[in-house]
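Below is one structure, written out as structure tokens; comments come after it.
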Amino acid sequence: MNGHTHYQFAEFTLDSETGRLYFQSEPRVTAGKISDFLLLLVASPGEVITKDQILDALWPDQFVSEASISRLVSDTRQLLNADAPDTDFIQTVRGKGFRFIEPVTQAVTQVSEAADTSEPVKAGNKLLWPAIFGVCLLGALLLISDWWRKPDSYLVDTSQRVVVLPVWVQTGDVQDSWAEFGIMSMLTQQLREYPDIQIADVDSVLSGLNALPFEPTADAARKFTLVCEALGCQTLVIPELKVLQGKPALSYRIVQATLQSPEFIFNHDSVMEAARQMLTHAVGQLVPVMQERLELRPLYSANQRANMQFAMGVSALYHGDYASAEHALRMALQQQDDFFWARAYLADVMYRTGNYPGAELATTALIPQADSARAKLFLGNLTANTLYAKGLLQDSVEASLPLISIAANANEFEMQGNLLMNTGSSYTALGDTEKAIEYLQQAITVYREHQLTLREAQASLNLGNALFLKEPNSIESTQQYEHAAAIFRQFQANAYLAYAMSALAQQKRNLGRLDEASSLIKQVAELYRQAGDEEGLLLVKTELADIAVLKGDLDGALTLVKEAFEQAGEQFTYVRSYSSAVMALIYLNQNNPAPVPDLLAEQEKYEWFDPRPNFSLLKASYAHCKGNLQQAVDESLAVKQGLGEQWSAAHQKYLDIFLHDADTGVKRDIDYMQARVL
């Protein structure tokens with residue numbers, strides 16, 4: 001028994017000397033830097049601990065990405081919620097940091113250590129490190145990833161083999177029996193997407209277990225010894241399904257030779273939803289974070305402190321954490337006001353967060369200072385991006401095209417890929433999917449040849465969009481989205497992961513799997529919140545409204561989409577165009593065509609076009625709703641001619657309805673969202 005100062009909250013006790021955590025006097029394993037992070041929070045309960053404070057305290061001599069903090073926060077929340085699932089301990093303060101919101105008391109108590117198998121936290125790793133900015137941190141390469149392996153990490157390397165056990169189902173409900181092998185197969189398949197993981201296939205695991213005296217009731221260490229000695233694994237994943245507080249609770253542990261994780265618990269009314277949450281979490285625990293290198297030395301100023309902040313800002317930008325990127329870049333400019341590249345990347349952040357006037361002013365001011373091919377290409381690409389975001393799609397293409405060959409000749413391969421990707425994205429928005437696919441495939445080739453893996457994933461996401469518009473729900477588009485999502489998870493690039501998941505949700509929606517689509521969209525919303533992506537959150541509202549329409553909740557859908565439309569203003573042109581189209585369809589389904597012309601004008605203003613049947617045939621649907629039956633046919637035929645090979649059976653359903661009503665002279669009631677006669 002040791003007498004130490006302890007922080008007590010809920011039913012937890014945290015020893016300030018050893019860093020050990022206890023729940024109801026029972027020790028808990030705190031992997032990595034969880035203890036240090038908790039001590040930092042509970043020492044100042046209710047106060048915001050900034051990301052800079054966390055970096056200074058926990059990684060004083062290393063340069064790490066923002067993704068490291070995000071992962072640490074997630075792991076800490078998961079550890080605490082395993083014992084207290086209904087308590088919110090850590091609050092995210094967007095753009096600033098984190099706050100511990102559970103009441104904390106400080107006391108000197110006696111805590112038993114007999115059962116604790118975790119290593120004590122060394123005093124040197126505590127919270128008193130100064131913020132040291134050494135030149136050693138500012139090497140030529142910025143590594144956008146967790147580039148070290150944490151002392152108590154569950155990440156596996158290519159030499160290790162992973163076995164996932166069947167789920168031990170303890171709910172007593174026969175309807176849950178599918179989970180035993182179903183969830184095992186889902187997790188195994190998810191991990192097989194990553195080439196860095198050696199994952200044992202389901203059949204070989206089941207065959208091996210049948211030959212062993214395996215008992216689900218055995219403790220985790222015994223299971224590891226028995227299974228891994230027989231099957232040659234170094235990591236064992238042990239999932240269980242039970243009832244916790246009246247709801248199905250899916251949990252898992254990771255067991256290795258010298259480490260055992262806490263029990264990660266996912267408590268939800270739906271077992272399938274809990275399974276999805278578990279899959280995402282398990283990938284984050286097991287899959288090594290990918291590395292990508294950016295050559296930054298040519299961009300540095302003469303001020304080392306400014307360079308440190310600049311590198312952190314670029315890392316955050318690449319991960320889609322725009323609030324942190326802006327903060328770091330502004331800190332760099334405080335250190336060095338004439339830092340050209342800090343201003344250039346800050347202009348990029350302005351564009352990505354919807355501040356298009358600010359981005360244009362900053363770009364215009366920087367153009368006379370651009371004294372290298374790289375600088376001129378960067379600003380030219382940013383100009384093209386801003387034109388795209390403002391809805392001036394053809395202007396964006398014309399700004400990008402001349403720069404592609406210039407970038408190639410200057411050996412600026414990342415910029416070459418960026419210009420190809422942006423040109424392809426513009427063609428997608430213009431509805432020219434053939435050109436879009438051509439340019440996006442070229443971008444992927446450039447990125448792949450030069451090992452720009454994160455950029456490759458971004459191009460794959462955009463290629464998925466082009467393929468989806470050419471043929472909704474095609475296998476090819478799904479493959480591109482899943483490929484992109486797998487890379488984004490490995491980079492912990494959550495903002496981009498949100499885009500990929502949103503695209504997959506759209507496919508679920510089109511297949512009529514509306515509950516699954518809603519679930520994915522809500523996960524996307526959380527990712528957007530973490531990234532501080534205002535435009536993304538507005539898109540979520542529009543997508544949820546779209547799903548509500550399909551469920552028949554027109555009033556609820558209209559409320560959501562009106563909010564998105566009004567909040568988008570003139571700043572977020574894509575959201576404004578998309579929400580205006582959804583709103584128009586709702587009004588048509590309510591047989592209220594009066595507001596529709598103004599909404600159609602919104603789309604014309606920004607050159608917005610979506611070739612999906614309900615959106616591309618919106619003018620025809622409006623004409624039909626007004627009783628102008630022949631005009632509905634004429635509008636449809638014009639769209640058919642424009643779409644060419646993109647015209648599908650789903651488009652034809654609308655035209656068949658309009659042709660029938662024009663022939664009979666009788667207007668039938670139509671569900672304009674789904675081309676269905678009511």
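Every chain in the structure tokens takes a letter, A first, then B, and so on in the order presented; its residues are numbered from 1, and the ligands are numbered from 1 following the presented order.
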Next item on the list: Excluding Leu419 in chain A and residues on its chain fewer than 5 positions from it, collect all residues at most 10 Å away from it, counting only C-alpha atoms, and give them as a ChimeraX atom specification.
Entry: /A:377-378,380-382,384-385,397,399-405,407,413-414,424-425,439-440,443
How would the residues just picked look written out with C-alpha atoms as a compact mmCIF listing (two decimals), in the first residue's frame?
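In the end it all went to part-v3.txt:
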```txt
# COMPACT_ATOMS: atom_id res chain seq x y z
CA LEU A 377 2.31 27.03 -59.31
CA PHE A 378 1.06 26.96 -55.73
CA GLY A 380 -2.03 29.40 -59.57
CA ASN A 381 -3.47 26.17 -58.21
CA LEU A 382 -5.00 28.04 -55.28
CA ALA A 384 -8.11 27.64 -59.68
CA ASN A 385 -9.40 26.03 -56.49
CA VAL A 397 -10.47 24.47 -65.67
CA ALA A 399 -6.81 28.39 -64.94
CA SER A 400 -5.52 24.87 -64.23
CA LEU A 401 -4.83 23.44 -67.69
CA PRO A 402 -1.83 25.61 -68.71
CA LEU A 403 -0.13 24.93 -65.37
CA ILE A 404 -0.09 21.13 -65.68
CA SER A 405 2.75 20.94 -68.21
CA ALA A 407 4.55 21.68 -63.20
CA PHE A 413 5.15 16.39 -59.26
CA GLU A 414 2.85 16.93 -56.31
CA GLY A 424 -10.83 16.35 -63.09
CA SER A 425 -12.97 17.50 -60.17
CA TYR A 439 -7.65 13.60 -65.59
CA LEU A 440 -8.22 11.91 -62.22
CA ALA A 443 -3.43 12.35 -61.13
```
Under the rule of at most 9 Å, produce a per-residue listing of range 208-271 of chain A near range 11-31 of chain A: chain, number, name, the closest pair of atoms, and the distance in Å, as JSON lines, using only C-alpha atoms.
```
{"residue": "A:Leu259", "atom": "CA", "partner": "A:Ala31", "partner_atom": "CA", "distance": 8.9}
{"residue": "A:Gln260", "atom": "CA", "partner": "A:Val29", "partner_atom": "CA", "distance": 7.9}
{"residue": "A:Ser261", "atom": "CA", "partner": "A:Val29", "partner_atom": "CA", "distance": 7.0}
{"residue": "A:Pro262", "atom": "CA", "partner": "A:Val29", "partner_atom": "CA", "distance": 6.2}
```
Writer output for current selection, C-alpha atoms, as a PDB file, in the first residue's frame:
```pdb
ATOM      1  CA  LEU A 259       0.764  -6.163 -23.563  1.00  0.00           C
ATOM      2  CA  GLN A 260      -2.951  -6.422 -22.978  1.00  0.00           C
ATOM      3  CA  SER A 261      -5.337  -3.618 -23.848  1.00  0.00           C
ATOM      4  CA  PRO A 262      -8.248  -2.482 -21.705  1.00  0.00           C
TER       5      PRO A 262
END
```
Note to self: Just list as number ranges by chain whatever in range 180-327 of chain A DSSP marks as strand (DSSP E).
What the structure shows: A: 198-199, 235-244, 247-256, 264-267, 293-295
Those same residues, written as a CSV table (one decimal), in the first residue's frame with N, CA and C atoms?
```csv
chain,number,residue,atom,x,y,z
A,198,GLN,N,-0.8,-8.8,-41.4
A,198,GLN,CA,-0.9,-10.2,-41.7
A,198,GLN,C,-2.1,-10.7,-40.9
A,199,ILE,N,-3.2,-10.9,-41.6
A,199,ILE,CA,-4.4,-11.3,-40.8
A,199,ILE,C,-4.7,-12.8,-41.2
A,235,THR,N,-0.5,-11.4,-32.2
A,235,THR,CA,-1.6,-10.5,-31.7
A,235,THR,C,-2.9,-11.2,-31.8
A,236,LEU,N,-3.6,-11.2,-30.7
A,236,LEU,CA,-4.9,-11.9,-30.6
A,236,LEU,C,-6.0,-10.8,-30.3
A,237,VAL,N,-7.1,-10.8,-31.1
A,237,VAL,CA,-8.2,-9.9,-30.9
A,237,VAL,C,-9.4,-10.8,-30.3
A,238,ILE,N,-9.9,-10.4,-29.2
A,238,ILE,CA,-10.9,-11.2,-28.5
A,238,ILE,C,-12.1,-10.4,-28.3
A,239,PRO,N,-13.1,-10.6,-29.2
A,239,PRO,CA,-14.4,-9.9,-29.1
A,239,PRO,C,-15.5,-10.7,-28.3
A,240,GLU,N,-16.4,-9.9,-27.7
A,240,GLU,CA,-17.5,-10.5,-26.9
A,240,GLU,C,-18.7,-9.6,-27.1
A,241,LEU,N,-19.9,-10.3,-27.0
A,241,LEU,CA,-21.2,-9.6,-27.1
A,241,LEU,C,-21.9,-10.0,-25.8
A,242,LYS,N,-22.3,-8.9,-25.1
A,242,LYS,CA,-23.1,-9.1,-23.8
A,242,LYS,C,-24.1,-8.0,-23.7
A,243,VAL,N,-24.9,-8.0,-22.6
A,243,VAL,CA,-25.8,-7.0,-22.3
A,243,VAL,C,-25.3,-6.1,-21.2
A,244,LEU,N,-25.3,-4.8,-21.5
A,244,LEU,CA,-24.8,-3.8,-20.5
A,244,LEU,C,-25.8,-2.7,-20.4
A,247,LYS,N,-28.7,-2.8,-22.9
A,247,LYS,CA,-28.4,-2.7,-24.3
A,247,LYS,C,-27.3,-3.7,-24.7
A,248,PRO,N,-27.3,-4.1,-26.0
A,248,PRO,CA,-26.2,-5.0,-26.5
A,248,PRO,C,-24.9,-4.2,-26.4
A,249,ALA,N,-23.9,-4.8,-25.8
A,249,ALA,CA,-22.6,-4.2,-25.7
A,249,ALA,C,-21.6,-5.1,-26.4
A,250,LEU,N,-21.0,-4.6,-27.4
A,250,LEU,CA,-19.9,-5.3,-28.1
A,250,LEU,C,-18.6,-4.8,-27.6
A,251,SER,N,-17.7,-5.7,-27.3
A,251,SER,CA,-16.4,-5.3,-26.8
A,251,SER,C,-15.3,-6.1,-27.4
A,252,TYR,N,-14.0,-5.7,-27.2
A,252,TYR,CA,-12.9,-6.5,-27.6
A,252,TYR,C,-11.7,-6.1,-26.8
A,253,ARG,N,-10.7,-7.0,-26.7
A,253,ARG,CA,-9.4,-6.8,-26.2
A,253,ARG,C,-8.4,-7.1,-27.2
A,254,ILE,N,-7.2,-6.5,-27.1
A,254,ILE,CA,-6.1,-6.9,-27.9
A,254,ILE,C,-5.0,-7.4,-27.0
A,255,VAL,N,-4.6,-8.6,-27.3
A,255,VAL,CA,-3.6,-9.3,-26.4
A,255,VAL,C,-2.3,-9.6,-27.2
A,256,GLN,N,-1.2,-9.2,-26.7
A,256,GLN,CA,0.1,-9.5,-27.3
A,256,GLN,C,1.0,-10.1,-26.2
A,264,PHE,N,-12.3,-2.5,-24.7
A,264,PHE,CA,-13.0,-1.5,-25.4
A,264,PHE,C,-14.5,-1.8,-25.6
A,265,ILE,N,-15.4,-1.0,-25.2
A,265,ILE,CA,-16.8,-1.4,-25.2
A,265,ILE,C,-17.6,-0.4,-26.1
A,266,PHE,N,-18.5,-1.0,-26.8
A,266,PHE,CA,-19.4,-0.2,-27.7
A,266,PHE,C,-20.8,-0.6,-27.5
A,267,ASN,N,-21.5,0.3,-26.8
A,267,ASN,CA,-22.9,0.0,-26.3
A,267,ASN,C,-23.9,0.7,-27.1
A,293,ARG,N,6.1,12.0,-46.7
A,293,ARG,CA,7.1,13.0,-46.4
A,293,ARG,C,6.9,14.2,-47.3
A,294,LEU,N,7.1,15.3,-46.7
A,294,LEU,CA,7.0,16.6,-47.5
A,294,LEU,C,8.4,17.3,-47.4
A,295,GLU,N,8.9,17.7,-48.5
A,295,GLU,CA,10.2,18.4,-48.5
A,295,GLU,C,9.9,19.9,-48.2
```
Note to self: Just want the 10 Å neighbourhood of range 513-530 of chain A, counted on only C-alpha atoms, with same-chain residues fewer than 6 positions away dropped. Output as a ChimeraX atom specification.
What the structure shows: /A:70,92-95,272-273,276-277,320-321,323,493-507,536-541,543-544,547-548,550-551
Margin query: Would you pick out the contacts of Ala675 in chain A at 12 Å or less, using only C-alpha atoms, so that residues sharing its chain but fewer than 6 positions from it are not included, and give the list as a ChimeraX atom specification?
Written below: /A:550,585,589,612-615,617-618,620-621,624,649-658,668-669
Restricted to N, CA and C atoms, what would the selected residues look like written as a PDB file, in the first residue's frame?
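Printed below is selection.pdb as written:
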```
ATOM      1  N   LEU A 550     -36.915  10.414 -48.337  1.00  0.00           N
ATOM      2  CA  LEU A 550     -37.148   9.033 -48.756  1.00  0.00           C
ATOM      3  C   LEU A 550     -37.934   8.248 -47.712  1.00  0.00           C
ATOM      4  N   LEU A 585     -37.221  19.653 -54.610  1.00  0.00           N
ATOM      5  CA  LEU A 585     -37.893  18.354 -54.704  1.00  0.00           C
ATOM      6  C   LEU A 585     -38.934  18.180 -53.600  1.00  0.00           C
ATOM      7  N   ASN A 589     -42.897  17.559 -54.165  1.00  0.00           N
ATOM      8  CA  ASN A 589     -43.619  16.430 -53.569  1.00  0.00           C
ATOM      9  C   ASN A 589     -44.773  16.886 -52.688  1.00  0.00           C
ATOM     10  N   ARG A 612     -27.462  12.901 -61.315  1.00  0.00           N
ATOM     11  CA  ARG A 612     -28.394  11.926 -60.758  1.00  0.00           C
ATOM     12  C   ARG A 612     -29.810  12.254 -61.231  1.00  0.00           C
ATOM     13  N   PRO A 613     -30.634  11.245 -61.468  1.00  0.00           N
ATOM     14  CA  PRO A 613     -31.919  11.472 -62.141  1.00  0.00           C
ATOM     15  C   PRO A 613     -32.800  12.538 -61.500  1.00  0.00           C
ATOM     16  N   ASN A 614     -33.014  12.475 -60.168  1.00  0.00           N
ATOM     17  CA  ASN A 614     -33.953  13.416 -59.560  1.00  0.00           C
ATOM     18  C   ASN A 614     -33.454  14.854 -59.636  1.00  0.00           C
ATOM     19  N   PHE A 615     -32.118  15.060 -59.623  1.00  0.00           N
ATOM     20  CA  PHE A 615     -31.576  16.410 -59.688  1.00  0.00           C
ATOM     21  C   PHE A 615     -31.439  16.899 -61.128  1.00  0.00           C
ATOM     22  N   LEU A 617     -33.148  16.090 -63.673  1.00  0.00           N
ATOM     23  CA  LEU A 617     -34.472  16.262 -64.294  1.00  0.00           C
ATOM     24  C   LEU A 617     -35.389  17.156 -63.462  1.00  0.00           C
ATOM     25  N   LEU A 618     -34.788  18.000 -62.644  1.00  0.00           N
ATOM     26  CA  LEU A 618     -35.579  18.852 -61.757  1.00  0.00           C
ATOM     27  C   LEU A 618     -36.467  19.830 -62.537  1.00  0.00           C
ATOM     28  N   ALA A 620     -37.671  19.385 -65.504  1.00  0.00           N
ATOM     29  CA  ALA A 620     -38.766  18.608 -66.096  1.00  0.00           C
ATOM     30  C   ALA A 620     -39.822  18.290 -65.042  1.00  0.00           C
ATOM     31  N   SER A 621     -39.391  17.948 -63.842  1.00  0.00           N
ATOM     32  CA  SER A 621     -40.337  17.649 -62.770  1.00  0.00           C
ATOM     33  C   SER A 621     -41.155  18.881 -62.401  1.00  0.00           C
ATOM     34  N   HIS A 624     -43.797  19.329 -65.013  1.00  0.00           N
ATOM     35  CA  HIS A 624     -44.860  18.342 -64.815  1.00  0.00           C
ATOM     36  C   HIS A 624     -45.760  18.737 -63.654  1.00  0.00           C
ATOM     37  N   ALA A 649     -31.311   3.793 -66.831  1.00  0.00           N
ATOM     38  CA  ALA A 649     -32.685   3.302 -66.666  1.00  0.00           C
ATOM     39  C   ALA A 649     -33.436   4.131 -65.631  1.00  0.00           C
ATOM     40  N   ALA A 650     -32.712   4.626 -64.614  1.00  0.00           N
ATOM     41  CA  ALA A 650     -33.361   5.458 -63.585  1.00  0.00           C
ATOM     42  C   ALA A 650     -33.837   6.785 -64.178  1.00  0.00           C
ATOM     43  N   HIS A 651     -33.052   7.362 -65.098  1.00  0.00           N
ATOM     44  CA  HIS A 651     -33.502   8.565 -65.797  1.00  0.00           C
ATOM     45  C   HIS A 651     -34.736   8.253 -66.653  1.00  0.00           C
ATOM     46  N   GLN A 652     -34.680   7.097 -67.321  1.00  0.00           N
ATOM     47  CA  GLN A 652     -35.753   6.738 -68.242  1.00  0.00           C
ATOM     48  C   GLN A 652     -37.088   6.589 -67.519  1.00  0.00           C
ATOM     49  N   LYS A 653     -37.068   6.189 -66.248  1.00  0.00           N
ATOM     50  CA  LYS A 653     -38.316   6.067 -65.482  1.00  0.00           C
ATOM     51  C   LYS A 653     -39.067   7.390 -65.447  1.00  0.00           C
ATOM     52  N   TYR A 654     -38.312   8.491 -65.251  1.00  0.00           N
ATOM     53  CA  TYR A 654     -38.951   9.814 -65.261  1.00  0.00           C
ATOM     54  C   TYR A 654     -39.551  10.108 -66.632  1.00  0.00           C
ATOM     55  N   LEU A 655     -38.745   9.877 -67.673  1.00  0.00           N
ATOM     56  CA  LEU A 655     -39.222  10.197 -69.019  1.00  0.00           C
ATOM     57  C   LEU A 655     -40.454   9.368 -69.375  1.00  0.00           C
ATOM     58  N   ASP A 656     -40.471   8.097 -68.990  1.00  0.00           N
ATOM     59  CA  ASP A 656     -41.636   7.249 -69.291  1.00  0.00           C
ATOM     60  C   ASP A 656     -42.900   7.803 -68.633  1.00  0.00           C
ATOM     61  N   ILE A 657     -42.775   8.262 -67.398  1.00  0.00           N
ATOM     62  CA  ILE A 657     -43.935   8.846 -66.696  1.00  0.00           C
ATOM     63  C   ILE A 657     -44.400  10.100 -67.422  1.00  0.00           C
ATOM     64  N   PHE A 658     -43.442  10.953 -67.790  1.00  0.00           N
ATOM     65  CA  PHE A 658     -43.812  12.213 -68.447  1.00  0.00           C
ATOM     66  C   PHE A 658     -44.418  11.956 -69.829  1.00  0.00           C
ATOM     67  N   ARG A 668     -50.652  12.761 -63.394  1.00  0.00           N
ATOM     68  CA  ARG A 668     -50.759  11.915 -62.208  1.00  0.00           C
ATOM     69  C   ARG A 668     -49.902  12.477 -61.079  1.00  0.00           C
ATOM     70  N   ASP A 669     -50.216  12.087 -59.842  1.00  0.00           N
ATOM     71  CA  ASP A 669     -49.396  12.485 -58.694  1.00  0.00           C
ATOM     72  C   ASP A 669     -48.121  11.648 -58.686  1.00  0.00           C
TER      73      ASP A 669
END
```
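Of the listed residues A:Ala179, A:Ile69, A:Ala306, A:Ile670, the one whose atoms come nearest to Thr50 in chain A is A:Ile69, with distances taken using only C-alpha atoms.
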Next item on the list: Grab the CA of Leu588 in chain A to CA of Asp671 in chain A distance for me, in Å with one decimal place.
Entry: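 Straight-line distance from CA of Leu588 in chain A to CA of Asp671 in chain A works out to 8.4 Å.
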Check: Which residue out of A:Met421, A:Ala344, A:Leu165, A:Val287 has the minimum interatomic distance to Arg374 in chain A when only C-alpha atoms are used?
Finding: A:Ala344
So that I can see what lies close to Ala601 in chain A, please list as a PDB file with N, CA and C atoms, in the first residue's frame the residues with an atom at most 12 Å from it, counting only C-alpha atoms and leaving out residues fewer than 2 positions away in the same chain.
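The resulting file, around-v1.pdb, is shown below:
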```pdb
ATOM      1  N   ARG A 576     -25.153  25.351 -50.950  1.00  0.00           N
ATOM      2  CA  ARG A 576     -26.330  26.152 -51.308  1.00  0.00           C
ATOM      3  C   ARG A 576     -27.036  25.568 -52.538  1.00  0.00           C
ATOM      4  N   SER A 577     -26.254  25.154 -53.531  1.00  0.00           N
ATOM      5  CA  SER A 577     -26.853  24.568 -54.736  1.00  0.00           C
ATOM      6  C   SER A 577     -27.524  23.229 -54.420  1.00  0.00           C
ATOM      7  N   SER A 580     -30.607  23.671 -52.274  1.00  0.00           N
ATOM      8  CA  SER A 580     -31.717  24.267 -53.044  1.00  0.00           C
ATOM      9  C   SER A 580     -32.394  23.204 -53.902  1.00  0.00           C
ATOM     10  N   ALA A 581     -31.616  22.250 -54.429  1.00  0.00           N
ATOM     11  CA  ALA A 581     -32.202  21.178 -55.238  1.00  0.00           C
ATOM     12  C   ALA A 581     -33.056  20.250 -54.382  1.00  0.00           C
ATOM     13  N   ALA A 584     -36.226  22.046 -53.502  1.00  0.00           N
ATOM     14  CA  ALA A 584     -37.150  22.093 -54.643  1.00  0.00           C
ATOM     15  C   ALA A 584     -37.913  20.777 -54.779  1.00  0.00           C
ATOM     16  N   PRO A 595     -42.259  28.083 -54.930  1.00  0.00           N
ATOM     17  CA  PRO A 595     -40.895  28.518 -54.579  1.00  0.00           C
ATOM     18  C   PRO A 595     -39.804  27.959 -55.498  1.00  0.00           C
ATOM     19  N   VAL A 596     -40.155  27.033 -56.387  1.00  0.00           N
ATOM     20  CA  VAL A 596     -39.128  26.287 -57.118  1.00  0.00           C
ATOM     21  C   VAL A 596     -38.320  27.138 -58.104  1.00  0.00           C
ATOM     22  N   PRO A 597     -38.931  28.084 -58.864  1.00  0.00           N
ATOM     23  CA  PRO A 597     -38.115  28.857 -59.816  1.00  0.00           C
ATOM     24  C   PRO A 597     -36.928  29.567 -59.169  1.00  0.00           C
ATOM     25  N   ASP A 598     -37.133  30.155 -57.998  1.00  0.00           N
ATOM     26  CA  ASP A 598     -36.018  30.828 -57.320  1.00  0.00           C
ATOM     27  C   ASP A 598     -34.925  29.831 -56.932  1.00  0.00           C
ATOM     28  N   LEU A 599     -35.328  28.626 -56.559  1.00  0.00           N
ATOM     29  CA  LEU A 599     -34.347  27.605 -56.184  1.00  0.00           C
ATOM     30  C   LEU A 599     -33.580  27.107 -57.409  1.00  0.00           C
ATOM     31  N   GLN A 603     -29.116  27.296 -58.691  1.00  0.00           N
ATOM     32  CA  GLN A 603     -28.223  26.343 -59.353  1.00  0.00           C
ATOM     33  C   GLN A 603     -27.622  26.936 -60.628  1.00  0.00           C
ATOM     34  N   GLU A 604     -28.400  27.717 -61.339  1.00  0.00           N
ATOM     35  CA  GLU A 604     -27.889  28.372 -62.546  1.00  0.00           C
ATOM     36  C   GLU A 604     -26.779  29.362 -62.182  1.00  0.00           C
ATOM     37  N   LYS A 605     -26.941  30.028 -61.034  1.00  0.00           N
ATOM     38  CA  LYS A 605     -25.981  31.044 -60.617  1.00  0.00           C
ATOM     39  C   LYS A 605     -24.578  30.468 -60.466  1.00  0.00           C
ATOM     40  N   TYR A 606     -24.512  29.212 -59.978  1.00  0.00           N
ATOM     41  CA  TYR A 606     -23.201  28.630 -59.674  1.00  0.00           C
ATOM     42  C   TYR A 606     -22.795  27.518 -60.646  1.00  0.00           C
ATOM     43  N   GLU A 607     -23.480  27.417 -61.776  1.00  0.00           N
ATOM     44  CA  GLU A 607     -23.155  26.395 -62.788  1.00  0.00           C
ATOM     45  C   GLU A 607     -23.227  24.986 -62.197  1.00  0.00           C
ATOM     46  N   TRP A 608     -24.074  24.813 -61.197  1.00  0.00           N
ATOM     47  CA  TRP A 608     -24.151  23.511 -60.506  1.00  0.00           C
ATOM     48  C   TRP A 608     -24.930  22.530 -61.355  1.00  0.00           C
ATOM     49  N   LEU A 618     -34.788  18.000 -62.644  1.00  0.00           N
ATOM     50  CA  LEU A 618     -35.579  18.852 -61.757  1.00  0.00           C
ATOM     51  C   LEU A 618     -36.467  19.830 -62.537  1.00  0.00           C
ATOM     52  N   LYS A 619     -35.917  20.419 -63.605  1.00  0.00           N
ATOM     53  CA  LYS A 619     -36.730  21.343 -64.412  1.00  0.00           C
ATOM     54  C   LYS A 619     -37.912  20.616 -65.050  1.00  0.00           C
TER      55      LYS A 619
END
```
Would you tabulate, counting only C-alpha atoms, all residues of range 307-419 of chain A that have an atom at most 9 Å from an atom of range 567-574 of chain A, showing the closest pair of atoms and their distance in Å to one decimal, sorted by chain then ascending number, as CSV?
```
residue,atom,partner,partner_atom,distance
A:Gly354,CA,A:Gln571,CA,5.9
A:Asn355,CA,A:Gln571,CA,7.1
A:Tyr356,CA,A:Gln571,CA,7.4
A:Ala389,CA,A:Thr573,CA,6.8
A:Lys390,CA,A:Thr573,CA,6.1
A:Gly391,CA,A:Thr573,CA,6.5
```
Note to self: If I take CA of Leu454 in chain A and CA of Val73 in chain A, how far is one from the other in Å, to one decimal?
What the structure shows: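 CA of Val73 in chain A lies 23.1 Å from CA of Leu454 in chain A.
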Next item on the list: Write out as a list in words the residues lying within 8 Å of range 462-466 of chain A, counting only C-alpha atoms and excluding same-chain residues fewer than 3 positions away.
Entry: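 Listed by chain and then number, they are Met421, Gly424, Ser425, Thr428, Thr433, Ala436, Ile437, Leu440, Gln441, Gln458, Ala459, Leu469, Lys470, Glu476, Ser477, Thr478, Gln479, Gln480, Tyr481 and Ala503 of chain A.
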Next item on the list: Just the residues within 9 Å of Leu366 in chain A, please, counting only C-alpha atoms, with nothing from its chain fewer than 6 positions along; format it as a list of chain:residue names.
Entry: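 Those residues are A:Phe340, A:Arg343, A:Ala344, A:Leu379.
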